[in-house]
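What follows is a single structure, written as structure tokens, with notes after it.
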Amino acid sequence: MAHAHHGPDYLAHHFDTPKQQYEAAKIGMWIFLAQEVLFFSGLFVAYFIFRKWYPEAWSVGSHLLNWKMGTLNTAVLLLSSFTAAMAVRAAQIGDQKGVPDKDKRKFGGQAWTGHFLLLTFVFAGAFMVVKYFEYTHKFHVGTLPGQYFGCANFECTGTMSEELVEELRAAIASAHHNAGPDLVPYHLRSFFGLYFVMTGLHGIHVLIGMGLIAWIWNKNRKGEFSAEYNTPVDNVALYWHLVDLVWIYLFPLLYLID
Amino acid sequence: MADAHAHAEHGDDYYVHAHITPARTYVLVLATLLFLTFLTVLAYNVHLGDWNLFVAVLIATIKASIVGTWFMHLKYEQRFNLIFFLGSLFFVIIFLGYTVNDTEHRGRQGTLTGVRVDPATGKRAFGSGSVLQAEGEFIRLPPLPGEAGQAGQEGEADRDGEVPEPEAAGAAAEDGAAPTAAGEPAEAGDSEAPTAGEAAAEAGASPTAPAEAGEEASGATEGTEGTEATEGAEATEGE
């Protein structure tokens, strides 16, 4: 289609129509998401193999995590996914006036897009705050990966802190797979290795997501989006939902195994 | 989408027509997801053995499908994009399925003998040379004199019989001689741990067993077993 004026401002010159541009962006996004799934899958496979090999370590390890914090973070992340979806919806509706189906148009428009994006950002931040408390506690008692297991604050003195011994005793007592009340599974170090890599990588995704949400929020504030053009909101939300998806699996697998 | 039939200059195929989901649907989806989270925590507090993992993964998969269908708009997405995403999940299933299946049935090296043991049955794994009861990382010592072990897993003994090997045949015969026949597999741990002498004898004997078995066993003794032992030593030193 050769238009004298190439079309709306948001239409890049190498696309014929906004629809073509939108569909190209979406294909790209889905390929990226598929890559993300494969990227995380290696760690999940490692998780299942190690779990099979070291059932005591996995059972006791999960009891060393705070399932209440895990549950709280799951709820927070689900809420953030909800607000992200609502932000996309608000952007899709846009600021059109006189749309017939008024009920379906509630919470639509630029202002609501901003509000929902801000809420998403706040929930993401809340997730990271909870994660921060979990991590610092683990540093403090020494539930750490590899050779640092048992070393409070990464300082290996040769003895476990009393706090850790207490935690280990409680965890072993409530774990369904255990070898005896005072037997600490050696491979807890592998469990915490995977715990930190998996939640850490997920946490990095959350931080990147927060950056993207802030970027989109600013674009929205400047009025770059409309009912016709809101692909960046859409795609950032898709990324955010994927981060949620990963956590949906991480939560029960790490925190809730008996 | 391909046929860009010319309406007016800005016809139907020009602009994006997004499907707008009612806010009520999203609220309902959120409520369902929170409920399922509650359910998975609830299921965690019920001891179901191996089924706990299955239930947890099942609920997670339901949650993931819900997020995908509504929040990610897969319900209204182009089929082509759906194929990309589901395709990646398909490959993850292959990746996970084959690897886990392999690790489940390959067997583990017994810590004392270096013989590969199938953790599921506690019996010698395929290609290995001996029968040794293992419970995950541990091999149970024989019961103290006077504590008669309950015999279990007699049915399993038949499976050993399939592998024509003197040791296996011997073990099967021993099992057959045990007093109580039909025991629960769960109780098997108490039953047929070989005596220390037997274990040692089997360890010694395994390298001479049929070709593949010998290879497995000798590889085991000098390979992983050695490193695990040194790691263990470091652990006791370090802490």
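Residue numbering restarts at 1 for every chain of the structure tokens, chains are lettered A, B, ... in their displayed order, and ligands are numbered from 1 as they appear.
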
Expected answer as an MDAnalysis selection string: chain A residues within 7 Å of chain B, only C-alpha atoms: chainID A and resid 17:19 27 30:31 34 37:38 41 45 48:49 53:55 75 78 82 85 89 92 104 158:160 228 238 241 245 248:249 252 256:257

Only C-alpha atoms, please: the residues just picked out, written as a PDB file, in the first residue's frame.
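That gives us selection.pdb:
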ATOM      1  CA  THR A  17      -0.043  -1.205   8.073  1.00  0.00           C
ATOM      2  CA  PRO A  18      -0.351  -0.887  11.864  1.00  0.00           C
ATOM      3  CA  LYS A  19      -1.759  -4.386  11.906  1.00  0.00           C
ATOM      4  CA  ILE A  27       5.566 -12.989  16.736  1.00  0.00           C
ATOM      5  CA  TRP A  30       6.317 -15.033  21.481  1.00  0.00           C
ATOM      6  CA  ILE A  31       9.574 -16.362  20.089  1.00  0.00           C
ATOM      7  CA  ALA A  34       9.515 -19.530  24.026  1.00  0.00           C
ATOM      8  CA  VAL A  37      10.797 -21.129  28.730  1.00  0.00           C
ATOM      9  CA  LEU A  38      13.677 -23.178  27.312  1.00  0.00           C
ATOM     10  CA  SER A  41      13.855 -25.492  31.637  1.00  0.00           C
ATOM     11  CA  VAL A  45      15.532 -30.518  34.805  1.00  0.00           C
ATOM     12  CA  PHE A  48      14.203 -32.922  39.229  1.00  0.00           C
ATOM     13  CA  ILE A  49      17.382 -34.959  38.817  1.00  0.00           C
ATOM     14  CA  TRP A  53      19.215 -38.287  43.745  1.00  0.00           C
ATOM     15  CA  TYR A  54      19.077 -36.552  47.101  1.00  0.00           C
ATOM     16  CA  PRO A  55      15.539 -36.901  48.464  1.00  0.00           C
ATOM     17  CA  ALA A  75      -0.065 -13.848  45.971  1.00  0.00           C
ATOM     18  CA  LEU A  78      -0.473 -12.992  40.929  1.00  0.00           C
ATOM     19  CA  PHE A  82      -3.723  -9.051  37.287  1.00  0.00           C
ATOM     20  CA  ALA A  85      -3.495  -7.431  32.391  1.00  0.00           C
ATOM     21  CA  ARG A  89      -6.928  -3.630  28.828  1.00  0.00           C
ATOM     22  CA  GLN A  92      -6.620  -1.211  24.465  1.00  0.00           C
ATOM     23  CA  LYS A 104     -17.099  -2.962  29.163  1.00  0.00           C
ATOM     24  CA  GLY A 158      34.334 -24.691  60.930  1.00  0.00           C
ATOM     25  CA  THR A 159      31.275 -24.726  63.163  1.00  0.00           C
ATOM     26  CA  MET A 160      27.630 -24.108  62.390  1.00  0.00           C
ATOM     27  CA  GLU A 228      -4.926   1.871  17.946  1.00  0.00           C
ATOM     28  CA  LEU A 238       3.399 -10.631  28.298  1.00  0.00           C
ATOM     29  CA  HIS A 241       3.147 -12.812  32.911  1.00  0.00           C
ATOM     30  CA  LEU A 245       4.514 -18.319  35.217  1.00  0.00           C
ATOM     31  CA  ILE A 248       4.063 -20.438  39.752  1.00  0.00           C
ATOM     32  CA  TYR A 249       6.300 -23.486  39.312  1.00  0.00           C
ATOM     33  CA  PRO A 252       5.595 -25.302  45.066  1.00  0.00           C
ATOM     34  CA  LEU A 256       6.245 -27.036  49.259  1.00  0.00           C
ATOM     35  CA  ILE A 257       7.872 -30.447  49.009  1.00  0.00           C
TER      36      ILE A 257
END

DSSP on the backbone: what in range 29-104 of chain A comes out alpha helix (DSSP H), as number ranges by chain? A: 29-53, 55-63, 67-93

CA of Asn230 in chain A sits from CA of Phe40 in chain A at a separation of 28.3 Å

Could you list, as a PyMOL selection string, every residue within 8 Å of range 194-202 of chain A, counting only C-alpha atoms and ignoring same-chain residues fewer than 4 positions away? chain A and resi 43+47+145+190+206+243+246-247+250+254

Considering only C-alpha atoms, return as a ChimeraX atom specification whatever protein or nucleic-acid residues lie within 10 Å of Leu64 in chain A, sequence-local ones (same chain, fewer than 6 positions apart) excluded. /A:58,138,143,164,167-172,174-175,188,192,255

Mind checking which residues fall within 10 Å of Ser161 in chain A, counting only C-alpha atoms, ignoring those fewer than 3 positions away in the same chain, and posting them as a list in words? His140, Val141, Gly142, Gly150, Cys151, Ala152, Thr157, Gly158, Leu164, Val165, Glu166 and Glu167 of chain A

For CA of His6 in chain A and CA of Ile216 in chain A, the interatomic separation in Å (one decimal):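 Value for the CA of His6 in chain A-CA of Ile216 in chain A distance: 25.1 Å.
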
Between CA of Trp240 in chain A and CA of Leu74 in chain B - distance in Å to one decimal: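 If I compute the distance from CA of Leu74 in chain B to CA of Trp240 in chain A, I get 14.6 Å.
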
Looking at A:Phe50, A:Met69, A:Gly28, A:Ile208, which one is nearest to Tyr132 in chain A, with distances taken over only C-alpha atoms?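 With only C-alpha atoms as the atom set, the closest residue is A:Met69.
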